[in-house]
file final-v9.tsv (TSV, C-alpha atoms)
chain	number	residue	atom	x	y	z
F	1	MET	CA	-17.64	23.87	-15.09
F	2	PHE	CA	-20.54	23.68	-12.62
F	3	LYS	CA	-22.71	25.43	-15.19
F	4	THR	CA	-21.92	22.69	-17.73
F	5	LEU	CA	-22.50	19.94	-15.15
F	6	HIS	CA	-25.77	21.56	-14.14
F	7	LYS	CA	-26.85	21.70	-17.78
F	8	TYR	CA	-26.23	17.99	-18.30
F	9	ALA	CA	-28.07	17.11	-15.08
F	10	SER	CA	-31.20	18.03	-17.03
F	11	PRO	CA	-32.70	14.86	-18.59
F	12	MET	CA	-33.25	16.58	-21.94
F	13	HIS	CA	-29.61	17.69	-22.35
F	14	PHE	CA	-28.29	14.42	-20.96
F	15	PHE	CA	-30.47	12.47	-23.41
F	16	ALA	CA	-29.05	14.42	-26.36
F	17	LEU	CA	-25.47	14.00	-25.10
F	18	ALA	CA	-26.01	10.26	-24.50
F	19	ARG	CA	-27.41	9.86	-28.01
F	20	ALA	CA	-24.38	11.54	-29.54
F	21	LEU	CA	-21.82	9.62	-27.47
F	22	THR	CA	-23.25	6.09	-27.68
F	23	PRO	CA	-22.21	5.15	-31.25
F	24	TRP	CA	-18.66	6.39	-30.59
F	25	LEU	CA	-18.38	4.41	-27.36
F	26	PHE	CA	-19.75	1.25	-29.02
F	27	GLY	CA	-17.45	1.72	-32.03
F	28	ILE	CA	-14.24	2.35	-30.07
F	29	SER	CA	-14.99	-0.49	-27.63
F	30	LEU	CA	-15.55	-2.97	-30.48
F	31	VAL	CA	-12.22	-2.01	-32.09
F	32	LEU	CA	-10.49	-2.41	-28.71
F	33	PHE	CA	-12.19	-5.79	-28.18
F	34	GLY	CA	-10.81	-6.92	-31.54
F	35	VAL	CA	-7.26	-5.77	-30.75
F	36	GLY	CA	-7.37	-7.10	-27.17
F	37	LEU	CA	-8.69	-10.52	-28.21
F	38	VAL	CA	-6.14	-11.01	-31.00
F	39	TRP	CA	-3.31	-9.89	-28.70
F	40	GLY	CA	-4.54	-11.88	-25.71
F	41	LEU	CA	-5.37	-15.10	-27.54
F	42	PHE	CA	-2.68	-15.21	-30.25
F	43	LEU	CA	0.24	-12.96	-29.37
F	44	ALA	CA	0.58	-13.10	-25.58
F	45	PRO	CA	2.78	-16.01	-24.47
F	46	ALA	CA	1.43	-18.81	-22.27
F	47	ASP	CA	2.07	-18.44	-18.55
F	48	TYR	CA	5.01	-20.50	-17.31
F	49	GLN	CA	2.98	-21.92	-14.40
F	50	GLN	CA	-0.65	-21.77	-15.54
F	51	GLY	CA	-0.08	-22.51	-19.21
F	52	GLU	CA	-2.85	-21.48	-21.60
F	53	SER	CA	-5.50	-21.37	-18.85
F	54	PHE	CA	-4.20	-17.94	-17.82
F	55	ARG	CA	-5.94	-16.52	-20.95
F	56	ILE	CA	-9.17	-16.51	-18.93
F	57	ILE	CA	-7.65	-13.41	-17.32
F	58	TYR	CA	-8.71	-11.33	-20.37
F	59	VAL	CA	-12.40	-11.92	-19.57
F	60	HIS	CA	-12.28	-12.48	-15.82
F	61	VAL	CA	-10.26	-9.49	-14.65
F	62	PRO	CA	-11.97	-6.81	-16.80
F	63	SER	CA	-15.40	-8.08	-15.71
F	64	ALA	CA	-14.30	-8.15	-12.05
F	65	TRP	CA	-12.98	-4.57	-12.27
F	66	LEU	CA	-16.16	-3.54	-14.04
F	67	SER	CA	-18.33	-5.18	-11.37
F	68	MET	CA	-16.83	-2.77	-8.82
F	69	PHE	CA	-16.80	0.23	-11.14
F	70	ALA	CA	-20.48	-0.28	-11.99
F	71	TYR	CA	-21.28	-0.39	-8.29
F	72	LEU	CA	-19.46	2.91	-7.73
F	73	VAL	CA	-21.50	4.40	-10.58
F	74	MET	CA	-24.73	3.00	-9.09
F	75	ALA	CA	-23.91	4.23	-5.59
F	76	GLY	CA	-22.78	7.62	-6.95
F	77	GLY	CA	-26.07	7.96	-8.81
F	78	GLY	CA	-27.95	6.88	-5.70
F	79	ALA	CA	-26.13	9.51	-3.61
F	80	LEU	CA	-26.93	12.23	-6.18
F	81	SER	CA	-30.62	11.36	-6.04
F	82	LEU	CA	-30.70	10.88	-2.26
F	83	VAL	CA	-28.72	13.94	-1.15
F	84	TRP	CA	-29.20	16.48	-3.95
F	85	LYS	CA	-32.53	15.16	-5.31
F	86	ILE	CA	-31.11	15.05	-8.82
F	87	LYS	CA	-33.41	12.85	-10.93
F	88	LEU	CA	-30.59	11.90	-13.24
F	89	GLY	CA	-28.83	10.22	-10.31
F	90	ASP	CA	-31.68	7.73	-9.99
F	91	VAL	CA	-31.65	7.21	-13.75
F	92	ILE	CA	-27.93	6.38	-13.69
F	93	ALA	CA	-28.29	4.08	-10.68
F	94	ARG	CA	-31.20	2.19	-12.27
F	95	ALA	CA	-29.32	1.86	-15.55
F	96	ALA	CA	-26.11	0.66	-13.88
F	97	ALA	CA	-27.68	-2.00	-11.62
F	98	PRO	CA	-28.56	-4.76	-14.16
F	99	LEU	CA	-25.29	-4.19	-16.00
F	100	GLY	CA	-23.30	-4.42	-12.79
F	101	ALA	CA	-25.16	-7.58	-11.79
F	102	SER	CA	-24.42	-9.26	-15.11
F	103	PHE	CA	-20.71	-8.36	-15.04
F	104	THR	CA	-20.43	-9.53	-11.41
F	105	ALA	CA	-22.02	-12.85	-12.37
F	106	LEU	CA	-19.59	-13.08	-15.31
F	107	ALA	CA	-16.63	-12.41	-12.99
F	108	LEU	CA	-17.80	-15.11	-10.58
F	109	VAL	CA	-18.40	-17.75	-13.26
F	110	THR	CA	-15.18	-17.07	-15.17
F	111	GLY	CA	-13.37	-17.09	-11.81
F	112	ALA	CA	-14.79	-20.55	-11.13
F	113	LEU	CA	-13.72	-21.68	-14.62
F	114	TRP	CA	-10.20	-20.49	-13.83
F	115	GLY	CA	-10.24	-21.80	-10.27
F	116	LYS	CA	-11.10	-25.38	-11.17
F	117	PRO	CA	-7.93	-26.18	-13.17
F	118	MET	CA	-5.65	-24.02	-10.98
F	119	TRP	CA	-6.97	-24.62	-7.44
F	120	GLY	CA	-8.74	-27.92	-8.06
F	121	THR	CA	-12.10	-26.50	-6.99
F	122	TRP	CA	-14.82	-24.35	-8.54
F	123	TRP	CA	-15.44	-22.38	-5.37
F	124	VAL	CA	-13.96	-21.65	-1.94
F	125	TRP	CA	-15.45	-19.41	0.72
F	126	ASP	CA	-12.41	-17.15	0.82
F	127	ALA	CA	-12.64	-13.41	1.41
F	128	ARG	CA	-12.30	-12.29	-2.23
F	129	LEU	CA	-14.86	-14.72	-3.65
F	130	THR	CA	-17.33	-14.27	-0.80
F	131	SER	CA	-17.21	-10.45	-0.92
F	132	GLU	CA	-17.68	-10.57	-4.73
F	133	LEU	CA	-20.70	-12.85	-4.22
F	134	LEU	CA	-22.02	-10.35	-1.67
F	135	LEU	CA	-21.66	-7.67	-4.38
F	136	LEU	CA	-23.92	-9.74	-6.65
F	137	PHE	CA	-26.50	-9.97	-3.85
F	138	LEU	CA	-26.33	-6.19	-3.36
F	139	TYR	CA	-27.10	-5.68	-7.05
F	140	LEU	CA	-29.92	-8.23	-6.92
F	141	GLY	CA	-31.27	-6.58	-3.75
F	142	TYR	CA	-31.28	-3.20	-5.48
F	143	LEU	CA	-33.09	-4.64	-8.53
F	144	ALA	CA	-35.61	-6.43	-6.30
F	145	LEU	CA	-36.32	-3.18	-4.44
F	146	GLN	CA	-36.90	-1.31	-7.69
F	147	SER	CA	-39.38	-3.86	-8.95
F	148	ALA	CA	-41.11	-4.38	-5.57
F	149	ILE	CA	-41.87	-0.71	-4.82
F	150	GLU	CA	-44.37	0.81	-7.21
F	151	ASP	CA	-43.88	4.45	-6.26
F	152	ARG	CA	-40.84	5.53	-8.24
F	153	ARG	CA	-39.64	8.10	-5.68
F	154	ALA	CA	-39.89	5.64	-2.78
F	155	ALA	CA	-38.11	2.99	-4.86
F	156	ALA	CA	-35.37	5.49	-5.73
F	157	ARG	CA	-34.91	6.42	-2.06
F	158	ALA	CA	-34.81	2.81	-0.83
F	159	GLY	CA	-32.48	1.74	-3.65
F	160	ALA	CA	-30.18	4.70	-3.06
F	161	VAL	CA	-29.86	3.90	0.65
F	162	LEU	CA	-29.01	0.28	-0.14
F	163	ALA	CA	-26.50	1.29	-2.84
F	164	VAL	CA	-24.77	3.88	-0.64
F	165	VAL	CA	-24.59	1.59	2.41
F	166	GLY	CA	-23.34	-1.30	0.27
F	167	ILE	CA	-20.39	0.74	-0.98
F	168	VAL	CA	-18.51	-0.42	2.12
F	169	ASN	CA	-18.15	-3.77	0.32
F	170	ILE	CA	-15.98	-2.28	-2.47
F	171	PRO	CA	-12.81	-1.66	-0.40
F	172	ILE	CA	-13.43	-5.05	1.26
F	173	ILE	CA	-13.35	-6.75	-2.18
F	174	HIS	CA	-10.31	-4.76	-3.26
F	175	TYR	CA	-8.23	-5.29	-0.11
F	176	SER	CA	-9.52	-8.76	0.79
F	177	VAL	CA	-6.42	-10.37	-0.71
F	178	VAL	CA	-4.22	-8.11	1.46
F	179	TRP	CA	-6.18	-8.20	4.71
F	180	TRP	CA	-6.84	-11.94	4.78
F	181	SER	CA	-4.99	-15.04	3.71
F	182	THR	CA	-6.91	-16.06	0.58
F	183	LEU	CA	-6.61	-18.67	-2.10
F	184	HIS	CA	-7.16	-15.89	-4.63
F	185	GLN	CA	-3.94	-14.37	-5.91
F	186	PRO	CA	-2.95	-10.82	-4.84
F	187	ALA	CA	-3.59	-7.84	-7.14
F	188	THR	CA	-1.62	-7.92	-10.39
F	189	ILE	CA	-1.66	-4.15	-10.79
F	190	THR	CA	-1.28	-1.86	-7.78
F	191	LYS	CA	-1.00	1.91	-7.48
F	192	MET	CA	2.34	1.74	-5.66
F	193	GLY	CA	4.34	-1.17	-7.05
F	194	ALA	CA	5.21	-2.34	-10.54
F	195	PRO	CA	2.80	-4.83	-12.14
F	196	THR	CA	3.58	-8.48	-11.37
F	197	MET	CA	2.93	-9.44	-14.97
F	198	ALA	CA	5.01	-9.42	-18.15
F	199	THR	CA	4.30	-6.44	-20.40
F	200	SER	CA	3.35	-8.74	-23.30
F	201	MET	CA	0.52	-10.13	-21.12
F	202	LEU	CA	-0.33	-6.86	-19.39
F	203	ILE	CA	-0.98	-4.71	-22.47
F	204	PRO	CA	-3.81	-6.90	-23.85
F	205	LEU	CA	-5.29	-7.02	-20.34
F	206	LEU	CA	-5.37	-3.22	-20.17
F	207	ILE	CA	-6.82	-3.02	-23.69
F	208	MET	CA	-9.57	-5.52	-22.79
F	209	ALA	CA	-10.28	-3.68	-19.54
F	210	PHE	CA	-10.62	-0.40	-21.43
F	211	ALA	CA	-12.88	-2.08	-24.01
F	212	PHE	CA	-15.13	-3.45	-21.25
F	213	GLN	CA	-15.29	0.00	-19.60
F	214	LEU	CA	-16.26	1.77	-22.82
F	215	PHE	CA	-18.81	-0.91	-23.71
F	216	PHE	CA	-20.29	-0.57	-20.22
F	217	LEU	CA	-20.52	3.22	-20.62
F	218	ALA	CA	-22.26	2.80	-23.98
F	219	LEU	CA	-24.76	0.34	-22.46
F	220	LEU	CA	-25.23	2.64	-19.47
F	221	LEU	CA	-26.11	5.54	-21.77
F	222	VAL	CA	-28.62	3.45	-23.78
F	223	ARG	CA	-30.28	2.18	-20.59
F	224	ALA	CA	-30.27	5.69	-19.10
F	225	ARG	CA	-32.03	6.95	-22.24
F	226	CYS	CA	-34.71	4.29	-21.74
F	227	GLU	CA	-35.21	5.36	-18.12
F	228	ILE	CA	-35.44	9.01	-19.16
F	229	LEU	CA	-37.97	8.19	-21.88
F	230	GLU	CA	-40.11	6.34	-19.32
F	231	PHE	CA	-40.29	9.03	-16.69
F	232	GLU	CA	-40.25	12.05	-19.01
F	233	GLN	CA	-42.80	10.63	-21.45
F	234	ARG	CA	-45.24	13.48	-20.87
F	235	ALA	CA	-42.60	16.18	-21.32
F	236	GLN	CA	-42.90	18.32	-24.42
F	237	TRP	CA	-39.32	17.67	-25.51
F	238	VAL	CA	-40.00	13.91	-25.59
F	239	LYS	CA	-43.10	14.44	-27.73
F	240	THR	CA	-41.08	16.62	-30.08
F	241	LEU	CA	-38.35	13.99	-30.19
F	242	LEU	CA	-40.85	11.23	-30.92
F	243	GLY	CA	-42.28	13.23	-33.75
F	244	ALA	CA	-38.80	13.88	-35.13
F	245	SER	CA	-37.60	10.27	-34.85
F	246	ASP	CA	-40.88	9.10	-36.30
F	247	GLN	CA	-40.49	11.34	-39.34
F	248	SER	CA	-36.84	10.38	-39.77
F	249	ARG	CA	-37.88	6.72	-40.04
F	250	GLY	CA	-40.61	7.59	-42.50
F	251	THR	CA	-43.22	5.56	-40.63
F	252	ARG	CA	-46.07	8.07	-40.75
P	1	MET	CA	-1.44	-25.17	-40.32
P	2	MET	CA	-4.16	-27.62	-39.19
P	3	ALA	CA	-1.95	-28.82	-36.34
P	4	SER	CA	-1.35	-25.30	-35.09
P	5	LEU	CA	-5.08	-24.52	-35.32
P	6	ARG	CA	-5.79	-27.70	-33.35
P	7	ASP	CA	-3.17	-26.70	-30.76
P	8	PHE	CA	-4.79	-23.30	-30.47
P	9	LEU	CA	-8.27	-24.77	-29.99
P	10	VAL	CA	-7.03	-27.32	-27.46
P	11	MET	CA	-5.50	-24.49	-25.36
P	12	GLY	CA	-2.89	-26.74	-23.82
P	13	GLY	CA	-5.58	-29.04	-22.44
P	14	TYR	CA	-7.57	-26.20	-20.86
P	15	ALA	CA	-10.05	-25.73	-23.71
P	16	SER	CA	-13.03	-26.80	-21.61
P	17	PHE	CA	-12.28	-23.91	-19.23
P	18	VAL	CA	-10.95	-21.20	-21.55
P	19	TRP	CA	-13.57	-21.32	-24.32
P	20	PRO	CA	-16.64	-21.37	-22.04
P	21	ALA	CA	-15.17	-18.29	-20.27
P	22	TYR	CA	-14.86	-16.45	-23.60
P	23	GLY	CA	-18.25	-17.72	-24.75
P	24	LEU	CA	-19.91	-16.43	-21.60
P	25	GLY	CA	-18.13	-13.11	-22.01
P	26	VAL	CA	-19.46	-12.73	-25.55
P	27	LEU	CA	-22.93	-13.83	-24.39
P	28	VAL	CA	-23.07	-11.29	-21.53
P	29	LEU	CA	-21.79	-8.43	-23.67
P	30	GLY	CA	-24.02	-9.33	-26.61
P	31	LEU	CA	-27.17	-9.89	-24.58
P	32	ASN	CA	-26.70	-6.64	-22.68
P	33	GLY	CA	-26.25	-4.78	-25.95
P	34	VAL	CA	-29.19	-6.37	-27.75
P	35	LEU	CA	-31.57	-6.05	-24.77
P	36	ALA	CA	-30.71	-2.39	-24.17
P	37	LEU	CA	-31.07	-1.38	-27.82
P	38	ARG	CA	-34.29	-3.40	-28.27
P	39	ARG	CA	-35.82	-1.85	-25.15
P	40	GLU	CA	-35.11	1.65	-26.40
P	41	ARG	CA	-36.60	0.87	-29.82
P	42	TYR	CA	-39.67	-0.68	-28.21
P	43	LEU	CA	-40.16	2.31	-25.90
P	44	LEU	CA	-39.84	4.82	-28.73
P	45	ARG	CA	-42.35	2.89	-30.85
P	46	GLU	CA	-44.87	2.44	-28.03
P	47	MET	CA	-44.64	6.07	-26.94
P	48	ALA	CA	-44.96	7.30	-30.49
P	49	LYS	CA	-48.10	5.19	-30.86
P	50	ARG	CA	-49.59	6.74	-27.73
P	51	ASN	CA	-48.51	10.31	-28.38
P	52	LEU	CA	-49.11	10.71	-32.06
P	53	PRO	CA	-52.65	10.22	-33.27
P	54	GLY	CA	-52.81	8.28	-36.50
P	55	TYR	CA	-49.35	6.73	-35.97
P	56	ARG	CA	-48.73	3.53	-37.88
P	57	VAL	CA	-45.78	1.18	-37.50
P	58	ALA	CA	-44.43	0.46	-40.96
call {"tool": "encode", "arguments": {"input": "final-v9.tsv", "output": "structure tokens"}}
result
Amino acid sequence: MFKTLHKYASPMHFFALARALTPWLFGISLVLFGVGLVWGLFLAPADYQQGESFRIIYVHVPSAWLSMFAYLVMAGGGALSLVWKIKLGDVIARAAAPLGASFTALALVTGALWGKPMWGTWWVWDARLTSELLLLFLYLGYLALQSAIEDRRAAARAGAVLAVVGIVNIPIIHYSVVWWSTLHQPATITKMGAPTMATSMLIPLLIMAFAFQLFFLALLLVRARCEILEFEQRAQWVKTLLGASDQSRGTR
Amino acid sequence: MMASLRDFLVMGGYASFVWPAYGLGVLVLGLNGVLALRRERYLLREMAKRNLPGYRVA
């Protein structure tokens, strides 16, 4: 197993694997988006308290879960590059950061759109919302570091330290609704208890969450390929690849 | 038919919250997809231009 992992830590092998996986991930996620949207918008019943506004859940919750998942991916990549000096770790972290930032922003805005009709306000400084906003700032801080430091290795090191230190915010986001009294509702799905949601509403939520995850992975692989192309541009395998893709397009 | 479509679009009076949320979702997913794929295509083209003498973009 370690042999296989070691093989795919090489940019060349990872690039080939990413290229093969991306169309499948995009394809499956688009099918799941279709099923999840039809189920969530047309088939799931309206909530007895929140009415039709609860349908925002199918965008808000998957993007909020993804905002944390993307951070774990970014911090994991940062740790790989910081501790084990694996270049691919930095590639993954750099690729995950803008995606994570955009999904965190989406979670915050859709949360505000849900909060206004339900709580009567767009925003409150409660623990869940504030820690999610802090997550957005961590992403933006990472992106600012990457663009401010010219030396790629120094930027990778600084970014990795920020990403790894910032991981402490993830359990704070997750447990904020348990540890503090918040306006935000408690978790709908927990590891221990049964979901607090009807199955007819829960299934489309899980489908949408899975679709978001797969779409994120597809985007991550495309962005990782771009990062690899940039730093491996002088490698022979990239030149060979360029020649091959050039010929396959018939542009010479 | 038209009444039920109108009911669906009105979203029980929450249309101005529900549809912008979905619109933003589509926008974020779509933009991320388009930007990532365009960047890769741009990089491949630029690098091919630099690496392969006599390269022409069709």
call {"tool": "residues_around", "arguments": {"input": "final-v9.tsv", "residues": "Phe137 of chain F", "least_positions_apart": "3", "cutoff": "12 Å", "atoms": "all atoms listed in the file", "output": "ChimeraX atom specification"}}
result
/F:71,97-98,100-102,104-105,130-134,140-145,162-163,166,169
call {"tool": "atom_distance", "arguments": {"input": "final-v9.tsv", "atom1": "atom CA of His60 of chain F", "atom2": "atom CA of Thr199 of chain F"}}
result
18.2 Å
call {"tool": "residues_near_point", "arguments": {"input": "final-v9.tsv", "point": "(-30.0, -12.7, -21.2)", "cutoff": "12 Å", "atoms": "all atoms listed in the file", "output": "ChimeraX atom specification"}}
result
/F:98-99,101-103,105-106 /P:24-36
call {"tool": "write_last_selection", "arguments": {"input": "final-v9.tsv", "atoms": "C-alpha atoms", "output": "PDB file, in the coordinates of the input"}}
result
ATOM      1  CA  PRO F  98     -28.560  -4.760 -14.160  1.00  0.00           C
ATOM      2  CA  LEU F  99     -25.290  -4.190 -16.000  1.00  0.00           C
ATOM      3  CA  ALA F 101     -25.160  -7.580 -11.790  1.00  0.00           C
ATOM      4  CA  SER F 102     -24.420  -9.260 -15.110  1.00  0.00           C
ATOM      5  CA  PHE F 103     -20.710  -8.360 -15.040  1.00  0.00           C
ATOM      6  CA  ALA F 105     -22.020 -12.850 -12.370  1.00  0.00           C
ATOM      7  CA  LEU F 106     -19.590 -13.080 -15.310  1.00  0.00           C
TER       8      LEU F 106
ATOM      9  CA  LEU P  24     -19.910 -16.430 -21.600  1.00  0.00           C
ATOM     10  CA  GLY P  25     -18.130 -13.110 -22.010  1.00  0.00           C
ATOM     11  CA  VAL P  26     -19.460 -12.730 -25.550  1.00  0.00           C
ATOM     12  CA  LEU P  27     -22.930 -13.830 -24.390  1.00  0.00           C
ATOM     13  CA  VAL P  28     -23.070 -11.290 -21.530  1.00  0.00           C
ATOM     14  CA  LEU P  29     -21.790  -8.430 -23.670  1.00  0.00           C
ATOM     15  CA  GLY P  30     -24.020  -9.330 -26.610  1.00  0.00           C
ATOM     16  CA  LEU P  31     -27.170  -9.890 -24.580  1.00  0.00           C
ATOM     17  CA  ASN P  32     -26.700  -6.640 -22.680  1.00  0.00           C
ATOM     18  CA  GLY P  33     -26.250  -4.780 -25.950  1.00  0.00           C
ATOM     19  CA  VAL P  34     -29.190  -6.370 -27.750  1.00  0.00           C
ATOM     20  CA  LEU P  35     -31.570  -6.050 -24.770  1.00  0.00           C
ATOM     21  CA  ALA P  36     -30.710  -2.390 -24.170  1.00  0.00           C
TER      22      ALA P  36
END
call {"tool": "atom_distance", "arguments": {"input": "final-v9.tsv", "atom1": "atom CA of Ala160 of chain F", "atom2": "atom CA of Gln213 of chain F"}}
result
22.7 Å
call {"tool": "interface_residues", "arguments": {"input": "final-v9.tsv", "of": "chain P", "to": "chain F", "cutoff": "9 Å", "atoms": "only C-alpha atoms", "output": "MDAnalysis selection string"}}
result
chainID P and resid 8 11:22 24:25 28:29 32:33 36:37 39:41 43:45 47:48 51:52 54:58
call {"tool": "build_atoms", "arguments": {"input": "final-v9.tsv", "residues": "segment 206-219 of chain F", "atoms": "N, CA and C atoms", "output": "short mmCIF file (atom, residue, chain, number, x, y, z; two decimals), in the frame of the given file"}}
result
data_model
loop_
_atom_site.label_atom_id
_atom_site.label_comp_id
_atom_site.auth_asym_id
_atom_site.auth_seq_id
_atom_site.Cartn_x
_atom_site.Cartn_y
_atom_site.Cartn_z
N LEU F 206 -4.93 -4.62 -20.30
CA LEU F 206 -5.37 -3.22 -20.17
C LEU F 206 -6.29 -2.83 -21.33
N ILE F 207 -5.97 -3.33 -22.53
CA ILE F 207 -6.82 -3.02 -23.69
C ILE F 207 -8.22 -3.63 -23.48
N MET F 208 -8.27 -4.87 -23.03
CA MET F 208 -9.57 -5.52 -22.79
C MET F 208 -10.34 -4.80 -21.68
N ALA F 209 -9.61 -4.39 -20.64
CA ALA F 209 -10.28 -3.68 -19.54
C ALA F 209 -10.88 -2.37 -20.04
N PHE F 210 -10.14 -1.67 -20.87
CA PHE F 210 -10.62 -0.40 -21.43
C PHE F 210 -11.83 -0.65 -22.34
N ALA F 211 -11.76 -1.74 -23.13
CA ALA F 211 -12.88 -2.08 -24.01
C ALA F 211 -14.14 -2.38 -23.19
N PHE F 212 -13.99 -3.15 -22.12
CA PHE F 212 -15.13 -3.45 -21.25
C PHE F 212 -15.72 -2.16 -20.65
N GLN F 213 -14.82 -1.26 -20.22
CA GLN F 213 -15.29 0.00 -19.60
C GLN F 213 -16.10 0.83 -20.61
N LEU F 214 -15.57 0.95 -21.82
CA LEU F 214 -16.26 1.77 -22.82
C LEU F 214 -17.58 1.13 -23.23
N PHE F 215 -17.58 -0.21 -23.34
CA PHE F 215 -18.81 -0.91 -23.71
C PHE F 215 -19.84 -0.72 -22.60
N PHE F 216 -19.39 -0.79 -21.35
CA PHE F 216 -20.29 -0.57 -20.22
C PHE F 216 -20.87 0.85 -20.29
N LEU F 217 -20.03 1.83 -20.56
CA LEU F 217 -20.52 3.22 -20.62
C LEU F 217 -21.55 3.38 -21.73
N ALA F 218 -21.30 2.73 -22.88
CA ALA F 218 -22.26 2.80 -23.98
C ALA F 218 -23.59 2.18 -23.56
N LEU F 219 -23.52 1.01 -22.92
CA LEU F 219 -24.76 0.34 -22.46
C LEU F 219 -25.46 1.19 -21.41
#
